[in-house]
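**Q** Dropping the structure in here first, questions after.
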Amino acid sequence: MIRRLSKFGKFHSSRCCAKNILRHYTDMRSDTLTKPSTNMLSEALSAPLGDDVFGEDPTVNKLQERTADMFQKEDALWLPSGTMANLASIMSHCNNRASEAILGKESHLTLWEAGNISNLGHVHPRQVVEDEKGCLSLDDVRDLWRLDDDDHFAKTAVVCIENSHNMMGGCALNKKYIDSLGELAKELKVGVHMDGARIFNASVSLGTPVGYLCEGADSVSICLSKGMGAPMGSLLVGNKEFIRLARRARKRLGGGTRQVGVVAAMGLFAIENNVERLADDHFRASKIAKALHENGFHQPQYGKVDTNIVYFALPDSCSLSKEEFAMRLKKEYGVLVGYGYSRGGNLFR
């Protein structure tokens with residue numbers, strides 16, 4: 001994964017004890033490794049504060065209003081993390097017992113959020129195999145949709161998509177698809193939630209403003225700490241009633257915070273200054289993916305990636321294990337990568 005390299009600190013450093021020298025690493029494990037810039041920290045130090053549980057933190061309120069306006073939704077809510085934002089969203093869509101959510105088999109919601117929609121949200125997950133772009137088949141969604149007219153059924157309440165789609169190599173879902181899913185959802189009288197942890201990456205890649213791109217989604221979660229430089233924080237956007245329910249869910253999940261404007265100020269700086277710079281990350285990722293593909297590595301998108309995520313596997317002729325390869329990159333080249341992802345655990349990111 002390609003992370004922000006400028007302004008947020010070009011390298012992470014660690015001291016090599018054997019030689020007592022400072023070793024610099026280029027850390028590509030995740031875009032969550034970005035750090036606040038000096039300007040971003042300055043905004044935090046000067047932010048006006050209040051109690052956000054009472055709805056009285058002016059900086060949080062400004063961030064929420066700015067985000068709702070950007071996404072062309074009625075309202076927005078700040079939450080500490082993307083995982084909490086997704087869970088609060090599903091709990092709001094599935095506000096009645098015996099509800100279920102349709103979601104992708106390879107989605108972050110399915111794989112990387114500790115099964116929380118079932119074990120904490122009490123929502124039944126029904127999984128769909130995505131296509132190579134991370135899209136759910138509309139026919140599959142229609143086929144899995146259920147009413148509660150049979151006592152055996154949980155009632156479908158929401159369909160969840162991810163944009164950009166992490167495990168599908170950062171693929172960006174386009175407006176045409178999102179709108180078509182939204183139309184189907186309206187017909188079936190269910191909601192559409194978009195896990196938009198990297199929605200700004202998708203927007204920049206497609207050249208489509210987020211408000212227009214997400215028009216077909218009823219709710220969107222937005223992460224401010226992935227490639228954007230903020231240290232923490234996510235937002236949910238949707239209509240007034242949805243956000244009212246999400247605020248209640250946030251409280252039950254322990255996400256109510258007090259003078260959190262110090263963090264919200266950095267999130268506000270991120271969305272106002274760092275979104276367009278994501279194109280730089282995409283350019284770097286594209287160069288890396290192309291070079292890997294041309295040099296015999298297995299690259300699922302054949303060297304053509306949409307955003308800032310690059311998955312790859314070692315060539316068949318390579319004699320190194322994935323652990324040995326990662327260690328060699330670190331020791332000899334000062335490059336850190338993540339490994340052990342799907343496809344038999346052979347993918348690097």
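Residues in the structure tokens are numbered from 1 in each chain, the chains being A, B, ... in the order shown, and ligands are numbered from 1 in the order shown.
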Show me, as a list in words, the residues that have an atom within 8 Å of Gln259 of chain A when counting only C-alpha atoms, minus same-chain residues fewer than 5 positions from it.
**A**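 Surrounding residues, per the criterion: Leu49, Gly50, Asp51, Asp52 and Asp57 of chain A.
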**Q** Using only C-alpha atoms, which residues sit within 12 Å of Leu120 of chain A once same-chain residues fewer than 5 positions away are excluded, as a list in words?
**A**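 With the cut-off at 12 Å, the set is Thr83, Met84, Leu87, Ala88, Ile90, Met91, Glu113, Ala114, Gly115, Ala249, Arg252 and Leu253 of chain A.
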**Q** Those residues with N, CA and C atoms, as an mmCIF file, in the first residue's frame please?
**A**
data_model
loop_
_atom_site.group_PDB
_atom_site.id
_atom_site.type_symbol
_atom_site.label_atom_id
_atom_site.label_comp_id
_atom_site.auth_asym_id
_atom_site.auth_seq_id
_atom_site.Cartn_x
_atom_site.Cartn_y
_atom_site.Cartn_z
ATOM 1 N N THR A 83 -14.163 1.317 12.101
ATOM 2 C CA THR A 83 -14.879 0.118 12.520
ATOM 3 C C THR A 83 -16.137 0.484 13.296
ATOM 4 N N MET A 84 -16.028 1.464 14.203
ATOM 5 C CA MET A 84 -17.207 1.908 14.935
ATOM 6 C C MET A 84 -18.213 2.584 14.010
ATOM 7 N N LEU A 87 -20.107 -0.145 12.149
ATOM 8 C CA LEU A 87 -21.013 -0.865 13.042
ATOM 9 C C LEU A 87 -22.205 0.007 13.433
ATOM 10 N N ALA A 88 -21.950 1.260 13.769
ATOM 11 C CA ALA A 88 -23.054 2.163 14.121
ATOM 12 C C ALA A 88 -24.009 2.329 12.952
ATOM 13 N N ILE A 90 -24.643 0.085 10.493
ATOM 14 C CA ILE A 90 -25.450 -1.124 10.312
ATOM 15 C C ILE A 90 -26.481 -1.251 11.433
ATOM 16 N N MET A 91 -26.099 -0.903 12.651
ATOM 17 C CA MET A 91 -27.065 -0.933 13.757
ATOM 18 C C MET A 91 -28.212 0.046 13.512
ATOM 19 N N GLU A 113 -13.249 -6.779 10.835
ATOM 20 C CA GLU A 113 -13.903 -6.006 11.898
ATOM 21 C C GLU A 113 -14.441 -6.910 13.004
ATOM 22 N N ALA A 114 -13.736 -8.041 13.207
ATOM 23 C CA ALA A 114 -13.947 -8.932 14.358
ATOM 24 C C ALA A 114 -15.352 -9.522 14.441
ATOM 25 N N GLY A 115 -16.034 -9.592 13.288
ATOM 26 C CA GLY A 115 -17.385 -10.148 13.300
ATOM 27 C C GLY A 115 -18.367 -9.337 14.111
ATOM 28 N N ALA A 249 -26.405 4.763 18.670
ATOM 29 C CA ALA A 249 -25.551 3.576 18.564
ATOM 30 C C ALA A 249 -24.132 3.892 19.024
ATOM 31 N N ARG A 252 -23.934 3.698 22.734
ATOM 32 C CA ARG A 252 -23.940 2.328 23.241
ATOM 33 C C ARG A 252 -22.598 1.642 23.014
ATOM 34 N N LEU A 253 -21.880 2.062 21.989
ATOM 35 C CA LEU A 253 -20.587 1.462 21.668
ATOM 36 C C LEU A 253 -19.426 2.143 22.389
#
**Q** Looking only at the backbone, which of the residues in segment 227-264 of chain A does DSSP tag as alpha helix (DSSP H), as a PyMOL selection string?
**A** chain A and resi 240-252+261-264
**Q** Please report the interatomic distance between atom CA of Leu33 of chain A and atom CA of Met194 of chain A in Å with one decimal.
**A** 23.3 Å
**Q** At a cut-off of 10 Å, can you tabulate as CSV every residue of segment 153-213 of chain A near segment 221-238 of chain A together with its closest atom pair and the distance in Å to one decimal, using only C-alpha atoms and ordering rows by chain then number?
**A**
residue,atom,partner,partner_atom,distance
A:Glu162,CA,A:Ser221,CA,9.6
A:Asn163,CA,A:Ser221,CA,10.0
A:His193,CA,A:Ser221,CA,8.0
A:Met194,CA,A:Ser221,CA,6.5
A:Asp195,CA,A:Ser221,CA,5.3
A:Gly196,CA,A:Ile222,CA,5.0
A:Ala197,CA,A:Cys223,CA,4.5
A:Arg198,CA,A:Cys223,CA,6.7
A:Ile199,CA,A:Ile222,CA,6.7
A:Phe200,CA,A:Ile222,CA,8.3
A:Asn201,CA,A:Gly227,CA,8.8
**Q** Could you turn the residues from that selection into a file that holds N, CA, C and O atoms, as a PDB file, in the first residue's frame?
**A**
ATOM      1  N   GLU A 162     -18.157  -1.500  -0.512  1.00  0.00           N
ATOM      2  CA  GLU A 162     -16.901  -0.889  -0.055  1.00  0.00           C
ATOM      3  C   GLU A 162     -16.248  -0.153  -1.221  1.00  0.00           C
ATOM      4  O   GLU A 162     -16.078  -0.725  -2.294  1.00  0.00           O
ATOM      5  N   ASN A 163     -15.884   1.117  -0.989  1.00  0.00           N
ATOM      6  CA  ASN A 163     -15.352   1.935  -2.071  1.00  0.00           C
ATOM      7  C   ASN A 163     -14.327   2.950  -1.537  1.00  0.00           C
ATOM      8  O   ASN A 163     -14.690   3.807  -0.746  1.00  0.00           O
ATOM      9  N   HIS A 193     -25.503   0.980   2.477  1.00  0.00           N
ATOM     10  CA  HIS A 193     -24.405   1.588   3.233  1.00  0.00           C
ATOM     11  C   HIS A 193     -23.108   1.387   2.471  1.00  0.00           C
ATOM     12  O   HIS A 193     -22.805   0.277   2.015  1.00  0.00           O
ATOM     13  N   MET A 194     -22.340   2.447   2.346  1.00  0.00           N
ATOM     14  CA  MET A 194     -21.032   2.378   1.702  1.00  0.00           C
ATOM     15  C   MET A 194     -19.940   2.529   2.747  1.00  0.00           C
ATOM     16  O   MET A 194     -19.880   3.538   3.447  1.00  0.00           O
ATOM     17  N   ASP A 195     -19.110   1.488   2.867  1.00  0.00           N
ATOM     18  CA  ASP A 195     -17.891   1.610   3.654  1.00  0.00           C
ATOM     19  C   ASP A 195     -16.929   2.419   2.796  1.00  0.00           C
ATOM     20  O   ASP A 195     -16.275   1.902   1.911  1.00  0.00           O
ATOM     21  N   GLY A 196     -16.871   3.704   3.102  1.00  0.00           N
ATOM     22  CA  GLY A 196     -16.051   4.616   2.319  1.00  0.00           C
ATOM     23  C   GLY A 196     -14.782   4.997   3.049  1.00  0.00           C
ATOM     24  O   GLY A 196     -14.376   6.173   3.028  1.00  0.00           O
ATOM     25  N   ALA A 197     -14.153   4.023   3.692  1.00  0.00           N
ATOM     26  CA  ALA A 197     -12.902   4.311   4.397  1.00  0.00           C
ATOM     27  C   ALA A 197     -11.926   5.037   3.476  1.00  0.00           C
ATOM     28  O   ALA A 197     -11.213   5.946   3.903  1.00  0.00           O
ATOM     29  N   ARG A 198     -11.907   4.625   2.213  1.00  0.00           N
ATOM     30  CA  ARG A 198     -11.038   5.272   1.217  1.00  0.00           C
ATOM     31  C   ARG A 198     -11.866   5.873   0.079  1.00  0.00           C
ATOM     32  O   ARG A 198     -11.474   5.819  -1.088  1.00  0.00           O
ATOM     33  N   ILE A 199     -13.001   6.455   0.430  1.00  0.00           N
ATOM     34  CA  ILE A 199     -13.870   7.032  -0.600  1.00  0.00           C
ATOM     35  C   ILE A 199     -13.207   8.192  -1.333  1.00  0.00           C
ATOM     36  O   ILE A 199     -13.440   8.411  -2.523  1.00  0.00           O
ATOM     37  N   PHE A 200     -12.341   8.934  -0.650  1.00  0.00           N
ATOM     38  CA  PHE A 200     -11.649  10.026  -1.335  1.00  0.00           C
ATOM     39  C   PHE A 200     -10.680   9.482  -2.388  1.00  0.00           C
ATOM     40  O   PHE A 200     -10.494  10.101  -3.439  1.00  0.00           O
ATOM     41  N   ASN A 201     -10.076   8.320  -2.121  1.00  0.00           N
ATOM     42  CA  ASN A 201      -9.234   7.696  -3.136  1.00  0.00           C
ATOM     43  C   ASN A 201     -10.058   7.330  -4.366  1.00  0.00           C
ATOM     44  O   ASN A 201      -9.642   7.549  -5.503  1.00  0.00           O
TER      45      ASN A 201
END
**Q** Measuring atom to atom with only C-alpha atoms, identify which of A:Gly344, A:Gly169, A:Gly191, A:Gly256 is nearest to Asn95 of chain A.
**A**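 The closest residue to Asn95 of chain A is A:Gly191.
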**Q** Please determine, counting only C-alpha atoms, which residue among A:Val337, A:Val141, A:Ala101, A:Gly261 has the shortest atom-to-atom distance to Arg126 of chain A.
**A** A:Ala101
**Q** Please identify all polymer residues within 9 Å of segment 277-288 of chain A, counting only C-alpha atoms, omitting same-chain residues fewer than 2 positions from it, and present them as number ranges by chain.
**A** A: 1-5, 200-201, 204-205, 227-228, 273-275, 290-293, 303-310
**Q** Pull C-alpha atoms from the residues just selected and write them as a PDB file, in the first residue's frame.
**A**
ATOM      1  CA  MET A   1       0.000   0.000   0.000  1.00  0.00           C
ATOM      2  CA  ILE A   2       1.274   3.433  -0.930  1.00  0.00           C
ATOM      3  CA  ARG A   3       1.138   5.972   1.853  1.00  0.00           C
ATOM      4  CA  ARG A   4       1.636   9.711   1.950  1.00  0.00           C
ATOM      5  CA  LEU A   5       5.373  10.408   1.776  1.00  0.00           C
ATOM      6  CA  PHE A 200     -11.649  10.026  -1.335  1.00  0.00           C
ATOM      7  CA  ASN A 201      -9.234   7.696  -3.136  1.00  0.00           C
ATOM      8  CA  VAL A 204      -9.908  11.156  -7.028  1.00  0.00           C
ATOM      9  CA  SER A 205      -9.294   8.082  -9.184  1.00  0.00           C
ATOM     10  CA  GLY A 227      -3.681   8.563   3.598  1.00  0.00           C
ATOM     11  CA  MET A 228      -5.187  11.820   4.827  1.00  0.00           C
ATOM     12  CA  ASN A 273      -6.094  20.316   2.127  1.00  0.00           C
ATOM     13  CA  ASN A 274      -5.099  16.716   1.456  1.00  0.00           C
ATOM     14  CA  VAL A 275      -7.727  15.114  -0.763  1.00  0.00           C
ATOM     15  CA  LYS A 290       3.488  -1.843 -13.541  1.00  0.00           C
ATOM     16  CA  ALA A 291       7.111  -2.614 -12.607  1.00  0.00           C
ATOM     17  CA  LEU A 292       6.086  -5.676 -10.598  1.00  0.00           C
ATOM     18  CA  HIS A 293       3.978  -7.021 -13.442  1.00  0.00           C
ATOM     19  CA  GLY A 303      -0.029  -3.843 -13.466  1.00  0.00           C
ATOM     20  CA  LYS A 304      -3.007  -1.477 -13.647  1.00  0.00           C
ATOM     21  CA  VAL A 305      -4.338  -0.296 -10.279  1.00  0.00           C
ATOM     22  CA  ASP A 306      -7.043   2.283  -9.599  1.00  0.00           C
ATOM     23  CA  THR A 307      -5.848   3.843  -6.365  1.00  0.00           C
ATOM     24  CA  ASN A 308      -3.127   3.477  -3.738  1.00  0.00           C
ATOM     25  CA  ILE A 309      -3.209  -0.269  -3.005  1.00  0.00           C
ATOM     26  CA  VAL A 310      -0.918  -2.760  -4.726  1.00  0.00           C
TER      27      VAL A 310
END
**Q** For segment 106-108 of chain A, find every residue with an atom within 8 Å (counting only C-alpha atoms), except residues of its own chain fewer than 3 positions away, and show them as a PyMOL selection string.
**A** chain A and resi 103+111-113+129-130+161-162+165-168
**Q** Among segment 41-252 of chain A, which residues does DSSP mark as strand (DSSP E) when it is run on the backbone? Keep the chain and numbering as in the structure and answer as a ChimeraX atom specification.
**A** /A:75-79,99-104,124-128,155-162,191-196,219-223,234-238
**Q** Those residues you just picked out, can you put them in a file as a CSV table (one decimal), in the first residue's frame with N, CA and C atoms?
**A**
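The resulting selection00.csv:
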chain,number,residue,atom,x,y,z
A,75,ASP,N,-27.0,15.2,7.1
A,75,ASP,CA,-26.3,15.3,8.4
A,75,ASP,C,-25.1,14.4,8.5
A,76,ALA,N,-24.2,14.6,9.5
A,76,ALA,CA,-23.0,13.8,9.6
A,76,ALA,C,-22.7,13.7,11.1
A,77,LEU,N,-21.9,12.6,11.4
A,77,LEU,CA,-21.6,12.3,12.8
A,77,LEU,C,-20.1,11.9,12.9
A,78,TRP,N,-19.4,12.5,13.8
A,78,TRP,CA,-18.0,12.1,14.1
A,78,TRP,C,-18.0,10.9,15.0
A,79,LEU,N,-17.1,9.9,14.6
A,79,LEU,CA,-16.8,8.7,15.5
A,79,LEU,C,-15.3,8.5,15.6
A,99,SER,N,-32.8,-8.7,12.0
A,99,SER,CA,-32.5,-8.1,10.7
A,99,SER,C,-31.2,-8.7,10.1
A,100,GLU,N,-31.0,-8.5,8.8
A,100,GLU,CA,-29.8,-9.0,8.2
A,100,GLU,C,-29.3,-8.0,7.2
A,101,ALA,N,-27.9,-8.1,7.0
A,101,ALA,CA,-27.2,-7.2,6.1
A,101,ALA,C,-26.6,-8.1,5.0
A,102,ILE,N,-26.7,-7.6,3.7
A,102,ILE,CA,-26.0,-8.3,2.6
A,102,ILE,C,-24.7,-7.6,2.4
A,103,LEU,N,-23.6,-8.3,2.3
A,103,LEU,CA,-22.3,-7.7,2.2
A,103,LEU,C,-21.4,-8.6,1.5
A,104,GLY,N,-20.3,-8.1,1.0
A,104,GLY,CA,-19.3,-8.8,0.2
A,104,GLY,C,-18.5,-9.8,1.0
A,124,HIS,N,-27.6,-10.3,11.3
A,124,HIS,CA,-27.2,-11.5,10.6
A,124,HIS,C,-26.5,-11.1,9.3
A,125,PRO,N,-25.2,-11.5,9.0
A,125,PRO,CA,-24.6,-11.2,7.8
A,125,PRO,C,-24.8,-12.2,6.7
A,126,ARG,N,-25.2,-11.8,5.5
A,126,ARG,CA,-25.3,-12.7,4.3
A,126,ARG,C,-24.3,-12.2,3.3
A,127,GLN,N,-23.4,-13.1,3.0
A,127,GLN,CA,-22.2,-12.8,2.2
A,127,GLN,C,-22.5,-13.1,0.7
A,128,VAL,N,-21.9,-12.2,-0.2
A,128,VAL,CA,-22.0,-12.4,-1.6
A,128,VAL,C,-20.6,-12.3,-2.1
A,155,LYS,N,-35.0,-10.5,8.3
A,155,LYS,CA,-35.4,-9.5,7.3
A,155,LYS,C,-34.3,-8.7,6.8
A,156,THR,N,-34.1,-8.7,5.5
A,156,THR,CA,-33.0,-7.8,4.9
A,156,THR,C,-33.3,-6.4,5.1
A,157,ALA,N,-32.3,-5.7,5.7
A,157,ALA,CA,-32.5,-4.2,6.0
A,157,ALA,C,-31.5,-3.4,5.2
A,158,VAL,N,-30.3,-3.9,4.9
A,158,VAL,CA,-29.3,-3.0,4.3
A,158,VAL,C,-28.4,-3.9,3.4
A,159,VAL,N,-27.9,-3.3,2.3
A,159,VAL,CA,-26.8,-3.8,1.4
A,159,VAL,C,-25.6,-3.0,1.6
A,160,CYS,N,-24.4,-3.6,1.8
A,160,CYS,CA,-23.2,-2.9,2.1
A,160,CYS,C,-22.2,-3.1,1.0
A,161,ILE,N,-21.6,-2.0,0.6
A,161,ILE,CA,-20.5,-2.1,-0.4
A,161,ILE,C,-19.3,-1.3,0.1
A,162,GLU,N,-18.2,-1.5,-0.5
A,162,GLU,CA,-16.9,-0.9,-0.1
A,162,GLU,C,-16.2,-0.2,-1.2
A,191,GLY,N,-31.8,-0.3,2.7
A,191,GLY,CA,-30.8,0.8,2.6
A,191,GLY,C,-29.6,0.3,1.9
A,192,VAL,N,-28.8,1.3,1.5
A,192,VAL,CA,-27.4,1.0,1.0
A,192,VAL,C,-26.4,1.7,1.9
A,193,HIS,N,-25.5,1.0,2.5
A,193,HIS,CA,-24.4,1.6,3.2
A,193,HIS,C,-23.1,1.4,2.5
A,194,MET,N,-22.3,2.4,2.3
A,194,MET,CA,-21.0,2.4,1.7
A,194,MET,C,-19.9,2.5,2.7
A,195,ASP,N,-19.1,1.5,2.9
A,195,ASP,CA,-17.9,1.6,3.7
A,195,ASP,C,-16.9,2.4,2.8
A,196,GLY,N,-16.9,3.7,3.1
A,196,GLY,CA,-16.1,4.6,2.3
A,196,GLY,C,-14.8,5.0,3.0
A,219,SER,N,-26.1,5.9,3.2
A,219,SER,CA,-25.1,6.2,4.3
A,219,SER,C,-23.7,5.9,3.8
A,220,VAL,N,-22.7,6.7,4.2
A,220,VAL,CA,-21.3,6.5,3.9
A,220,VAL,C,-20.5,6.7,5.1
A,221,SER,N,-19.6,5.8,5.4
A,221,SER,CA,-18.5,6.0,6.4
A,221,SER,C,-17.3,6.6,5.7
A,222,ILE,N,-16.6,7.5,6.4
A,222,ILE,CA,-15.4,8.2,5.8
A,222,ILE,C,-14.3,8.2,6.8
A,223,CYS,N,-13.2,7.6,6.5
A,223,CYS,CA,-12.0,7.6,7.4
A,223,CYS,C,-11.1,8.7,7.1
A,234,SER,N,-13.4,9.1,12.1
A,234,SER,CA,-14.2,8.8,11.0
A,234,SER,C,-15.5,9.6,11.1
A,235,LEU,N,-16.2,9.7,9.9
A,235,LEU,CA,-17.5,10.3,9.9
A,235,LEU,C,-18.5,9.4,9.3
A,236,LEU,N,-19.8,9.6,9.7
A,236,LEU,CA,-20.9,8.9,9.0
A,236,LEU,C,-21.8,10.1,8.4
A,237,VAL,N,-22.3,9.9,7.2
A,237,VAL,CA,-23.2,10.8,6.6
A,237,VAL,C,-24.5,10.1,6.2
A,238,GLY,N,-25.6,10.8,6.3
A,238,GLY,CA,-26.9,10.2,5.9
A,238,GLY,C,-28.0,11.2,6.2
**Q** Name the closest residue to Asp131 of chain A among the candidates A:Leu109, A:Arg328, A:Leu347, A:Leu173; distances are taken between atoms, counting only C-alpha atoms.
**A** A:Leu173
**Q** Give me the residues near Leu184 of chain A as an MDAnalysis selection string, where near means some atom within 12 Å (using only C-alpha atoms) and where sequence neighbours in that chain fewer than 6 positions away do not count.
**A** chainID A and resid 136:143 145 158:159 177:178 190:192 216:217
**Q** Between A:Glu241, A:Glu324, A:Tyr311, A:Ser319, which has the minimum distance to Ser89 of chain A (counting only C-alpha atoms)?
**A**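 Selected residue with least distance to Ser89 of chain A: A:Glu241.
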